[in-house]
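Just protein_29.cif here, mmCIF, C-alpha atoms:
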data_work
loop_
_atom_site.label_atom_id
_atom_site.label_comp_id
_atom_site.auth_asym_id
_atom_site.auth_seq_id
_atom_site.Cartn_x
_atom_site.Cartn_y
_atom_site.Cartn_z
CA MET E 161 17.91 -11.93 55.09
CA LYS E 162 15.53 -12.53 57.99
CA LEU E 163 15.13 -9.38 60.02
CA GLN E 164 14.98 -9.64 63.79
CA ARG E 165 12.07 -8.07 65.63
CA LYS E 166 12.41 -6.51 69.05
CA ASN E 167 9.37 -6.53 71.24
CA GLY E 168 9.11 -3.25 73.11
CA LEU E 169 6.82 -4.50 75.83
CA ARG E 170 8.38 -6.11 78.85
CA ALA E 171 7.65 -9.74 79.54
CA THR E 172 6.48 -8.62 82.94
CA ALA E 173 3.75 -6.57 81.32
CA LEU E 174 2.47 -9.66 79.54
CA GLY E 175 2.65 -11.57 82.79
CA ALA E 176 0.58 -8.93 84.51
CA LEU E 177 -2.09 -9.39 81.87
CA ALA E 178 -1.99 -13.17 82.08
CA VAL E 179 -2.24 -13.30 85.85
CA THR E 180 -5.60 -11.57 85.81
CA GLY E 181 -7.09 -14.58 84.06
CA ALA E 182 -9.86 -12.47 82.61
CA LEU E 183 -7.51 -10.90 80.11
CA VAL E 184 -7.55 -13.80 77.68
CA LEU E 185 -9.36 -12.08 74.86
CA THR E 186 -12.58 -13.46 73.42
CA ALA E 187 -14.81 -12.26 70.63
CA CYS E 188 -15.96 -8.68 71.09
CA GLY E 189 -19.63 -8.02 71.64
CA SER E 190 -20.06 -10.69 74.30
CA ASP E 191 -17.41 -9.84 76.87
CA ASP E 192 -18.76 -8.95 80.28
CA ASN E 193 -16.68 -7.93 83.28
CA THR E 194 -18.25 -9.08 86.51
CA GLY E 195 -16.97 -10.29 89.81
CA GLY E 196 -17.89 -10.99 93.39
CA THR E 197 -20.46 -9.31 95.56
CA GLY E 198 -20.60 -7.80 99.01
CA GLY E 199 -21.74 -4.61 100.72
CA GLY E 200 -20.58 -1.10 99.93
CA ASP E 201 -19.80 0.36 103.32
CA GLY E 202 -18.17 3.54 102.09
CA LYS E 203 -14.86 2.55 103.64
CA THR E 204 -11.45 2.55 102.05
CA SER E 205 -10.06 -0.92 101.46
CA ALA E 206 -7.24 -1.83 103.81
CA ALA E 207 -5.48 -3.44 100.86
CA SER E 208 -5.47 -0.33 98.69
CA ASN E 209 -6.37 3.32 98.44
CA ILE E 210 -9.62 2.62 96.58
CA LYS E 211 -12.41 4.68 98.12
CA CYS E 212 -15.75 2.91 97.83
CA GLU E 213 -17.64 6.00 99.07
CA GLY E 214 -21.13 4.52 99.32
CA ALA E 215 -20.92 2.64 96.01
CA LYS E 216 -23.38 -0.24 95.89
CA GLY E 217 -25.31 -2.57 93.62
CA LYS E 218 -24.68 -3.20 89.93
CA LEU E 219 -23.23 -0.71 87.46
CA LEU E 220 -23.62 -1.50 83.76
CA ALA E 221 -21.29 -0.02 81.16
CA SER E 222 -20.36 -0.88 77.59
CA GLY E 223 -18.43 0.24 74.55
CA SER E 224 -14.86 0.27 73.27
CA SER E 225 -13.17 -3.10 72.87
CA ALA E 226 -9.86 -1.23 73.14
CA GLN E 227 -10.72 -0.70 76.80
CA LYS E 228 -11.39 -4.34 77.57
CA ASN E 229 -7.97 -5.13 79.04
CA ALA E 230 -7.99 -1.88 81.01
CA MET E 231 -11.47 -2.57 82.32
CA ASP E 232 -10.53 -6.12 83.29
CA LEU E 233 -7.74 -4.76 85.47
CA TRP E 234 -9.79 -1.96 86.99
CA VAL E 235 -12.88 -4.08 87.65
CA LYS E 236 -10.89 -6.88 89.24
CA ASP E 237 -9.11 -4.58 91.69
CA TYR E 238 -12.10 -2.35 92.37
CA MET E 239 -14.51 -5.17 93.14
CA ALA E 240 -11.93 -6.82 95.40
CA ALA E 241 -11.82 -3.60 97.40
CA CYS E 242 -15.49 -2.62 97.31
CA SER E 243 -17.70 -5.44 98.47
CA GLY E 244 -21.33 -5.26 97.42
CA VAL E 245 -20.53 -3.61 94.09
CA GLU E 246 -20.73 -5.33 90.72
CA ILE E 247 -19.23 -3.59 87.67
CA ASN E 248 -20.29 -5.12 84.37
CA TYR E 249 -18.51 -3.72 81.30
CA LYS E 250 -19.66 -5.21 77.99
CA SER E 251 -16.92 -4.97 75.38
CA SER E 252 -18.55 -4.24 72.03
CA SER E 253 -17.52 -1.12 70.12
CA SER E 254 -17.36 2.62 70.67
CA GLY E 255 -20.39 3.17 68.47
CA GLU E 256 -22.50 0.63 70.32
CA GLY E 257 -21.42 2.00 73.67
CA ILE E 258 -22.48 5.55 72.82
CA VAL E 259 -25.83 4.29 71.50
CA ALA E 260 -26.38 2.37 74.75
CA PHE E 261 -25.46 5.45 76.79
CA ASN E 262 -27.82 7.71 74.88
CA GLN E 263 -30.57 5.13 75.31
CA GLY E 264 -30.04 5.23 79.06
CA THR E 265 -29.18 1.54 79.45
CA VAL E 266 -25.67 2.01 80.89
CA GLY E 267 -24.13 4.22 83.56
CA PHE E 268 -21.18 5.15 81.37
CA ALA E 269 -19.79 4.23 77.98
CA GLY E 270 -16.29 3.58 76.70
CA SER E 271 -15.27 5.24 73.44
CA ASP E 272 -12.02 5.53 71.50
CA SER E 273 -13.22 8.75 69.89
CA ALA E 274 -14.67 11.90 71.36
CA LEU E 275 -18.41 12.43 71.00
CA LYS E 276 -19.73 14.13 67.88
CA PRO E 277 -21.89 17.26 68.35
CA GLU E 278 -25.02 15.32 67.38
CA GLU E 279 -24.22 12.64 69.95
CA VAL E 280 -23.82 15.30 72.63
CA ALA E 281 -27.14 16.82 71.61
CA ASP E 282 -28.81 13.41 71.77
CA SER E 283 -27.38 12.81 75.26
CA LYS E 284 -29.40 15.66 76.71
CA LYS E 285 -32.47 13.39 76.68
CA ILE E 286 -30.69 11.19 79.23
CA CYS E 287 -28.61 13.83 81.00
CA GLN E 288 -31.70 15.94 81.62
CA SER E 289 -29.89 18.64 83.55
CA GLY E 290 -26.67 18.46 81.56
CA GLN E 291 -24.98 16.62 78.70
CA ALA E 292 -22.47 13.89 77.96
CA ILE E 293 -18.77 14.66 78.32
CA ASN E 294 -15.55 12.87 77.40
CA LEU E 295 -13.14 11.83 80.16
CA PRO E 296 -9.78 10.55 78.84
CA MET E 297 -8.72 7.55 80.94
CA VAL E 298 -5.91 5.74 79.17
CA GLY E 299 -3.94 5.91 75.96
CA GLY E 300 -1.98 3.49 73.87
CA PRO E 301 -0.69 2.59 70.44
CA ILE E 302 -2.79 1.21 67.63
CA ALA E 303 -0.57 -1.55 66.32
CA ILE E 304 -0.40 -2.57 62.68
CA GLY E 305 -0.06 -6.32 63.09
CA TYR E 306 0.99 -8.66 60.32
CA ASN E 307 1.61 -12.34 59.58
CA LEU E 308 4.32 -12.95 57.01
CA SER E 309 6.43 -16.09 57.13
CA GLY E 310 10.16 -15.36 57.33
CA VAL E 311 9.72 -11.64 58.08
CA ASP E 312 10.19 -10.84 61.75
CA ARG E 313 10.54 -7.08 61.38
CA LEU E 314 8.71 -4.76 59.02
CA ASN E 315 8.86 -1.02 58.43
CA LEU E 316 6.06 0.94 56.73
CA ASP E 317 5.25 4.62 56.33
CA ALA E 318 1.86 6.32 56.27
CA ALA E 319 1.50 6.38 52.48
CA THR E 320 2.31 2.69 52.18
CA ILE E 321 -0.11 1.76 54.96
CA ALA E 322 -2.83 3.78 53.24
CA LYS E 323 -2.21 2.07 49.91
CA ILE E 324 -2.26 -1.36 51.53
CA PHE E 325 -5.57 -0.78 53.28
CA ASN E 326 -7.30 0.74 50.27
CA GLY E 327 -6.11 -2.04 47.97
CA LYS E 328 -3.61 -0.13 45.83
CA ILE E 329 -0.65 -2.21 47.05
CA LYS E 330 -1.53 -5.87 46.60
CA LYS E 331 1.72 -7.84 47.00
CA TRP E 332 4.19 -8.01 49.87
CA ASN E 333 7.14 -7.56 47.52
CA ASP E 334 5.74 -4.32 46.10
CA PRO E 335 8.57 -1.83 45.42
CA ALA E 336 7.16 0.64 47.96
CA ILE E 337 7.44 -1.94 50.75
CA THR E 338 10.80 -3.24 49.53
CA LYS E 339 12.25 0.27 49.59
CA LEU E 340 11.37 0.65 53.27
CA ASN E 341 12.85 -2.74 54.19
CA GLU E 342 16.30 -3.01 52.64
CA GLY E 343 17.74 -6.48 52.98
CA ALA E 344 14.44 -8.13 53.84
CA SER E 345 13.32 -11.15 51.85
CA LEU E 346 9.76 -10.13 51.05
CA PRO E 347 7.67 -12.85 49.37
CA ASP E 348 5.64 -12.58 46.18
CA LYS E 349 2.51 -13.14 48.22
CA ALA E 350 -0.88 -11.46 48.12
CA ILE E 351 -1.64 -9.06 50.96
CA GLN E 352 -4.82 -9.84 52.86
CA ALA E 353 -5.90 -6.73 54.73
CA PHE E 354 -8.39 -6.99 57.58
CA HIS E 355 -10.50 -4.20 59.06
CA ARG E 356 -13.29 -3.82 61.61
CA SER E 357 -16.79 -4.82 60.50
CA GLU E 358 -18.65 -2.58 62.97
CA ASP E 359 -18.41 1.11 63.86
CA SER E 360 -15.13 1.48 65.72
CA GLY E 361 -13.21 4.25 67.41
CA THR E 362 -10.03 2.36 66.56
CA THR E 363 -10.95 2.61 62.88
CA GLN E 364 -11.62 6.31 63.29
CA ASN E 365 -8.28 6.94 64.99
CA LEU E 366 -6.42 5.07 62.26
CA GLY E 367 -8.32 7.20 59.75
CA LYS E 368 -7.28 10.37 61.54
CA TYR E 369 -3.64 9.31 61.31
CA LEU E 370 -3.82 8.40 57.63
CA GLY E 371 -5.85 11.50 56.78
CA ALA E 372 -3.27 13.73 58.50
CA THR E 373 -0.17 12.06 57.08
CA ALA E 374 -1.17 10.50 53.74
CA LYS E 375 -4.12 12.53 52.47
CA ALA E 376 -3.29 11.90 48.81
CA ASP E 377 -3.51 8.15 49.37
CA TRP E 378 -6.30 8.17 51.95
CA PRO E 379 -9.03 10.55 50.71
CA TYR E 380 -11.61 9.49 53.29
CA GLU E 381 -13.17 11.23 56.25
CA ALA E 382 -12.16 9.81 59.62
CA GLU E 383 -15.32 7.96 60.57
CA LYS E 384 -16.03 4.97 62.78
CA LYS E 385 -17.30 2.97 59.81
CA TRP E 386 -14.57 1.48 57.61
CA PRO E 387 -14.48 3.70 54.49
CA ALA E 388 -12.21 2.02 51.94
CA PRO E 389 -13.18 -0.56 49.32
CA GLY E 390 -11.89 -4.12 49.42
CA GLY E 391 -10.25 -5.91 52.29
CA GLN E 392 -11.91 -8.35 54.68
CA ALA E 393 -13.95 -7.50 57.75
CA ALA E 394 -13.88 -9.03 61.23
CA SER E 395 -15.73 -8.21 64.43
CA GLY E 396 -13.91 -6.30 67.14
CA SER E 397 -10.21 -5.86 67.69
CA SER E 398 -10.06 -9.46 68.87
CA GLY E 399 -11.63 -10.65 65.62
CA VAL E 400 -9.19 -8.72 63.45
CA ALA E 401 -6.26 -9.95 65.54
CA ALA E 402 -7.49 -13.54 65.29
CA GLN E 403 -7.64 -13.34 61.50
CA VAL E 404 -4.15 -11.85 61.26
CA LYS E 405 -2.84 -14.56 63.56
CA GLN E 406 -4.33 -17.31 61.40
CA VAL E 407 -3.72 -16.06 57.84
CA ASP E 408 -0.24 -15.98 56.30
CA GLY E 409 0.03 -12.75 54.33
CA ALA E 410 -2.44 -10.89 56.54
CA ILE E 411 -2.26 -7.39 57.99
CA GLY E 412 -4.66 -5.57 60.31
CA TYR E 413 -4.93 -2.94 63.02
CA PHE E 414 -5.78 -3.29 66.71
CA GLU E 415 -4.66 -2.11 70.13
CA LEU E 416 -1.20 -3.30 71.10
CA SER E 417 -2.44 -5.57 73.88
CA TYR E 418 -4.12 -7.79 71.28
CA ALA E 419 -0.81 -8.17 69.46
CA THR E 420 1.20 -8.93 72.57
CA SER E 421 -1.31 -11.43 73.96
CA GLN E 422 -1.20 -13.42 70.70
CA SER E 423 2.48 -12.87 69.79
CA ILE E 424 1.60 -11.05 66.57
CA PRO E 425 4.53 -9.03 65.13
CA THR E 426 3.85 -5.35 64.60
CA VAL E 427 4.98 -2.77 62.07
CA SER E 428 7.47 -0.04 62.95
CA ILE E 429 6.44 3.31 61.50
CA ASP E 430 8.76 5.44 59.39
CA THR E 431 7.68 8.92 60.52
CA GLY E 432 10.61 10.82 59.06
CA ALA E 433 12.53 10.60 62.34
CA SER E 434 16.05 9.18 62.30
CA ALA E 435 14.75 5.61 62.72
CA PRO E 436 11.40 3.82 62.34
CA VAL E 437 9.40 3.85 65.56
CA GLU E 438 8.22 0.66 67.20
CA ALA E 439 4.74 0.26 68.64
CA ASN E 440 5.17 0.15 72.40
CA SER E 441 3.77 1.98 75.40
CA ALA E 442 6.82 4.18 75.98
CA ASN E 443 6.83 5.41 72.39
CA ALA E 444 3.08 6.00 72.47
CA SER E 445 3.49 8.02 75.66
CA LYS E 446 5.89 10.34 73.86
CA ALA E 447 3.19 11.14 71.31
CA ILE E 448 0.33 11.41 73.81
CA ALA E 449 2.36 13.72 76.06
CA ALA E 450 1.88 16.46 73.46
CA ALA E 451 -1.94 16.13 73.53
CA LYS E 452 -4.00 19.24 74.24
CA VAL E 453 -7.53 19.58 75.61
CA LYS E 454 -9.87 20.69 72.82
CA GLY E 455 -13.11 20.21 74.75
CA THR E 456 -14.89 23.07 76.47
CA GLY E 457 -16.34 23.31 79.96
CA LYS E 458 -16.12 19.96 81.71
CA ASP E 459 -15.51 18.10 78.47
CA LEU E 460 -11.89 16.93 78.26
CA ALA E 461 -11.66 15.63 74.70
CA LEU E 462 -8.06 15.70 73.50
CA GLU E 463 -6.37 16.74 70.29
CA LEU E 464 -3.50 14.48 69.24
CA ASP E 465 -0.65 15.26 66.85
CA TYR E 466 -0.66 12.40 64.35
CA THR E 467 2.00 14.09 62.22
CA THR E 468 4.71 14.06 64.87
CA LYS E 469 8.26 13.37 63.74
CA ALA E 470 9.70 13.51 67.24
CA GLU E 471 12.36 10.91 67.89
CA GLY E 472 10.83 7.75 69.33
CA ALA E 473 7.24 9.03 69.20
CA TYR E 474 4.84 6.39 67.84
CA PRO E 475 2.20 8.33 65.91
CA ILE E 476 -0.75 5.91 65.60
CA VAL E 477 -2.24 6.35 69.05
CA LEU E 478 -5.64 6.54 70.59
CA VAL E 479 -6.95 7.95 73.80
CA THR E 480 -9.89 6.01 75.13
CA TYR E 481 -12.61 7.90 76.98
CA GLU E 482 -15.33 7.23 79.49
CA VAL E 483 -18.54 9.03 78.54
CA VAL E 484 -20.72 10.28 81.41
CA CYS E 485 -23.24 13.03 82.09
CA ASP E 486 -21.68 16.13 83.60
CA SER E 487 -25.00 16.57 85.38
CA GLY E 488 -28.11 14.40 85.43
CA ASN E 489 -26.51 11.00 86.03
CA LYS E 490 -28.87 8.36 87.42
CA PRO E 491 -29.11 8.79 91.20
CA GLU E 492 -29.00 5.04 91.81
CA THR E 493 -25.61 4.66 90.11
CA LEU E 494 -24.04 8.11 90.54
CA ASP E 495 -22.00 7.25 93.63
CA THR E 496 -20.72 4.06 92.02
CA VAL E 497 -19.77 5.86 88.80
CA LYS E 498 -17.85 8.51 90.75
CA SER E 499 -16.14 5.95 92.95
CA PHE E 500 -15.13 3.60 90.13
CA LEU E 501 -14.00 6.30 87.69
CA GLY E 502 -12.26 8.13 90.51
CA TYR E 503 -10.20 5.00 91.13
CA ALA E 504 -9.53 4.49 87.39
CA ALA E 505 -8.31 8.07 87.00
CA GLY E 506 -6.42 8.05 90.26
CA GLU E 507 -2.76 7.37 90.80
CA GLU E 508 -3.36 3.74 91.68
CA GLY E 509 -5.62 3.02 88.73
CA GLN E 510 -3.25 4.66 86.27
CA LYS E 511 -0.26 2.83 87.73
CA VAL E 512 -1.97 -0.52 87.21
CA LEU E 513 -2.30 0.29 83.52
CA SER E 514 1.22 1.64 83.20
CA ASP E 515 2.59 -1.57 84.69
CA ALA E 516 0.61 -3.53 82.07
CA GLY E 517 2.09 -1.65 79.12
CA TYR E 518 -0.50 1.07 78.46
CA ALA E 519 0.32 4.74 77.96
CA PRO E 520 -0.92 6.81 80.91
CA ILE E 521 -2.76 10.09 80.43
CA PRO E 522 -0.45 13.09 80.96
CA ALA E 523 -0.47 14.16 84.62
CA GLU E 524 -1.85 17.67 84.05
CA ILE E 525 -4.80 16.34 82.05
CA ASN E 526 -5.36 13.45 84.43
CA ALA E 527 -5.67 15.90 87.33
CA LYS E 528 -8.51 17.61 85.47
CA VAL E 529 -10.20 14.24 84.93
CA ARG E 530 -10.13 13.49 88.66
CA GLU E 531 -11.53 16.92 89.47
CA THR E 532 -14.33 16.48 86.94
CA VAL E 533 -15.22 13.00 88.20
CA ALA E 534 -15.44 14.28 91.75
CA GLY E 535 -17.87 16.98 90.62
CA LEU E 536 -20.26 14.76 88.66
CA LYS E 537 -23.93 15.24 89.58
#
Do you think you could lay out the structure here as structure tokens?
Amino acid sequence: MKLQRKNGLRATALGALAVTGALVLTACGSDDNTGGTGGGDGKTSAASNIKCEGAKGKLLASGSSAQKNAMDLWVKDYMAACSGVEINYKSSSSGEGIVAFNQGTVGFAGSDSALKPEEVADSKKICQSGQAINLPMVGGPIAIGYNLSGVDRLNLDAATIAKIFNGKIKKWNDPAITKLNEGASLPDKAIQAFHRSEDSGTTQNLGKYLGATAKADWPYEAEKKWPAPGGQAASGSSGVAAQVKQVDGAIGYFELSYATSQSIPTVSIDTGASAPVEANSANASKAIAAAKVKGTGKDLALELDYTTKAEGAYPIVLVTYEVVCDSGNKPETLDTVKSFLGYAAGEEGQKVLSDAGYAPIPAEINAKVRETVAGLK
């Protein structure tokens, strides 16, 4: 029996992405966000509430490919409001973004994982009067996308996902998968699992989920580098999504926007709740709403509950951060960093993302982000 799949994202959300033009995804590592030019006059745009506040010139940033769609939206709107400012965000990976930040080549970095202590220590060379901090800007689900002819809906649990990605489950009609999908006609076809080739915060967040919920089947530390043997590697979330889209029998992981933009079906997760939970922004929001700040001082790194069994809470989520100096930012870009990130964290910037199917940061935490951005030095 062919199972019917329900897409949780509204068609309007996909339309919002398509209208921007820049949101057609290309290979990660070479994606730059740029736009028009003009003159930062410090005025508020008549068309919006974006406050340019003396922002001027070019601001370079790089990192997380999970942020690419978010950055495309923010950059487009911000540069339309603030003439004379050019924001250039290079989509690569969280690891590359943090390296670039700690080398002093970018004004801020995007990362899907909070900084490690050694990365914070290294940042003090650049943030000479302070150190790097994590500012959560947007959240969303990490989708498990698949390509399996004749199967339009698929349920998996944490243990089964772990066994698939570490090569212990090799066929789509394995009893463990069949048990979770009663009535589905699962083929006797080899599973081709794809993972990220480069250091990735998305990889690390998936590892955190599997380590918390299926430790016996996923005995690896949650690191940005893919830890398990076997499988096939691809560059960036867009690369993994492209392989899944092309290969019958494939499975991979990437941010939900990559699945929706390419019409890739996604797995619903059996968390132990009354029904498997679909990957969509509303369900991710239910999980992220329970996040708590674990950072100290101005650092706002969050702790997520990957083991949630709350009804309708999708557990494989990430929060993507902007990494900046709390003090010691470059004087020539400080005003632009504060202005741009202030817009991104503000009500208008968060609403743009919510309308496009992302999971907004909880209001209480977001208020702290805005306060911290305003106080950057």
Skip E:Ser395 itself and residues of its chain fewer than 5 positions away, then list as a list in words all residues within 7 Å of it, counting all atoms listed in the file. Cys188, Arg356, Ser357, Glu358 and Val400 of chain E
Within 6 Å of E:Ala433, counting only C-alpha atoms, which residues qualify if same-chain residues fewer than 2 places away don't, as an MDAnalysis selection string? chainID E and resid 431 435 469 471
Neighbouring residues of E:Pro475 were defined as those with any atom within 12 Å, considering only C-alpha atoms; residues of the same chain fewer than 6 positions away were excluded. Please report them as a PyMOL selection string. chain E and resi 300-304+317-318+365-366+368-370+372-373+428-433+436-451+464-469
Any chance you could export the current selection's C-alpha atoms as a PDB file, keeping the file's coordinate frame?
ATOM      1  CA  GLY E 300      -1.980   3.490  73.870  1.00  0.00           C
ATOM      2  CA  PRO E 301      -0.690   2.590  70.440  1.00  0.00           C
ATOM      3  CA  ILE E 302      -2.790   1.210  67.630  1.00  0.00           C
ATOM      4  CA  ALA E 303      -0.570  -1.550  66.320  1.00  0.00           C
ATOM      5  CA  ILE E 304      -0.400  -2.570  62.680  1.00  0.00           C
ATOM      6  CA  ASP E 317       5.250   4.620  56.330  1.00  0.00           C
ATOM      7  CA  ALA E 318       1.860   6.320  56.270  1.00  0.00           C
ATOM      8  CA  ASN E 365      -8.280   6.940  64.990  1.00  0.00           C
ATOM      9  CA  LEU E 366      -6.420   5.070  62.260  1.00  0.00           C
ATOM     10  CA  LYS E 368      -7.280  10.370  61.540  1.00  0.00           C
ATOM     11  CA  TYR E 369      -3.640   9.310  61.310  1.00  0.00           C
ATOM     12  CA  LEU E 370      -3.820   8.400  57.630  1.00  0.00           C
ATOM     13  CA  ALA E 372      -3.270  13.730  58.500  1.00  0.00           C
ATOM     14  CA  THR E 373      -0.170  12.060  57.080  1.00  0.00           C
ATOM     15  CA  SER E 428       7.470  -0.040  62.950  1.00  0.00           C
ATOM     16  CA  ILE E 429       6.440   3.310  61.500  1.00  0.00           C
ATOM     17  CA  ASP E 430       8.760   5.440  59.390  1.00  0.00           C
ATOM     18  CA  THR E 431       7.680   8.920  60.520  1.00  0.00           C
ATOM     19  CA  GLY E 432      10.610  10.820  59.060  1.00  0.00           C
ATOM     20  CA  ALA E 433      12.530  10.600  62.340  1.00  0.00           C
ATOM     21  CA  PRO E 436      11.400   3.820  62.340  1.00  0.00           C
ATOM     22  CA  VAL E 437       9.400   3.850  65.560  1.00  0.00           C
ATOM     23  CA  GLU E 438       8.220   0.660  67.200  1.00  0.00           C
ATOM     24  CA  ALA E 439       4.740   0.260  68.640  1.00  0.00           C
ATOM     25  CA  ASN E 440       5.170   0.150  72.400  1.00  0.00           C
ATOM     26  CA  SER E 441       3.770   1.980  75.400  1.00  0.00           C
ATOM     27  CA  ALA E 442       6.820   4.180  75.980  1.00  0.00           C
ATOM     28  CA  ASN E 443       6.830   5.410  72.390  1.00  0.00           C
ATOM     29  CA  ALA E 444       3.080   6.000  72.470  1.00  0.00           C
ATOM     30  CA  SER E 445       3.490   8.020  75.660  1.00  0.00           C
ATOM     31  CA  LYS E 446       5.890  10.340  73.860  1.00  0.00           C
ATOM     32  CA  ALA E 447       3.190  11.140  71.310  1.00  0.00           C
ATOM     33  CA  ILE E 448       0.330  11.410  73.810  1.00  0.00           C
ATOM     34  CA  ALA E 449       2.360  13.720  76.060  1.00  0.00           C
ATOM     35  CA  ALA E 450       1.880  16.460  73.460  1.00  0.00           C
ATOM     36  CA  ALA E 451      -1.940  16.130  73.530  1.00  0.00           C
ATOM     37  CA  LEU E 464      -3.500  14.480  69.240  1.00  0.00           C
ATOM     38  CA  ASP E 465      -0.650  15.260  66.850  1.00  0.00           C
ATOM     39  CA  TYR E 466      -0.660  12.400  64.350  1.00  0.00           C
ATOM     40  CA  THR E 467       2.000  14.090  62.220  1.00  0.00           C
ATOM     41  CA  THR E 468       4.710  14.060  64.870  1.00  0.00           C
ATOM     42  CA  LYS E 469       8.260  13.370  63.740  1.00  0.00           C
TER      43      LYS E 469
END
Write out as an MDAnalysis selection string which residues come within 8 Å of E:Asp408 when counting all atoms listed in the file, dropping same-chain ones fewer than 4 positions away. chainID E and resid 307:309 404
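With only C-alpha atoms as the basis for measurement, E:Ala226 is the residue among E:Ala274, E:Ala336, E:Ala226, E:Leu416 that approaches E:Ser253 most closely.
The interatomic distance for the pair atom CA of E:Trp234 and atom CA of E:Val427 works out to 29.0 Å.
Against this structure, the PyMOL selection byres ((chain E and resi 383) around 9) ends up with Asp359, Ser360, Gly361, Thr363, Gln364, Asn365, Gly367, Lys368, Tyr380, Glu381, Ala382, Lys384, Lys385, Trp386 and Pro387 of chain E.
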Shortest contact to E:Lys339, candidates E:Thr426, E:Asp495, E:Leu314, E:Gly327, atoms counted all atoms listed in the file, goes to E:Leu314
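Of the residues listed (E:Lys458, E:Ala519, E:Tyr418, E:Ala292), E:Tyr418 shows the shortest atom-to-atom separation from E:Lys405; distances use only C-alpha atoms.
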Please provide as a count of residues only all residues within 12 Å of E:Gly535, with the sequence filter that same-chain residues fewer than 6 positions apart are discarded (counting all atoms listed in the file). 16
Min atom-atom distance to E:Thr265 from the set E:Lys452, E:Lys490, E:Lys216, E:Lys511, counting all atoms listed in the file, belongs to E:Lys490
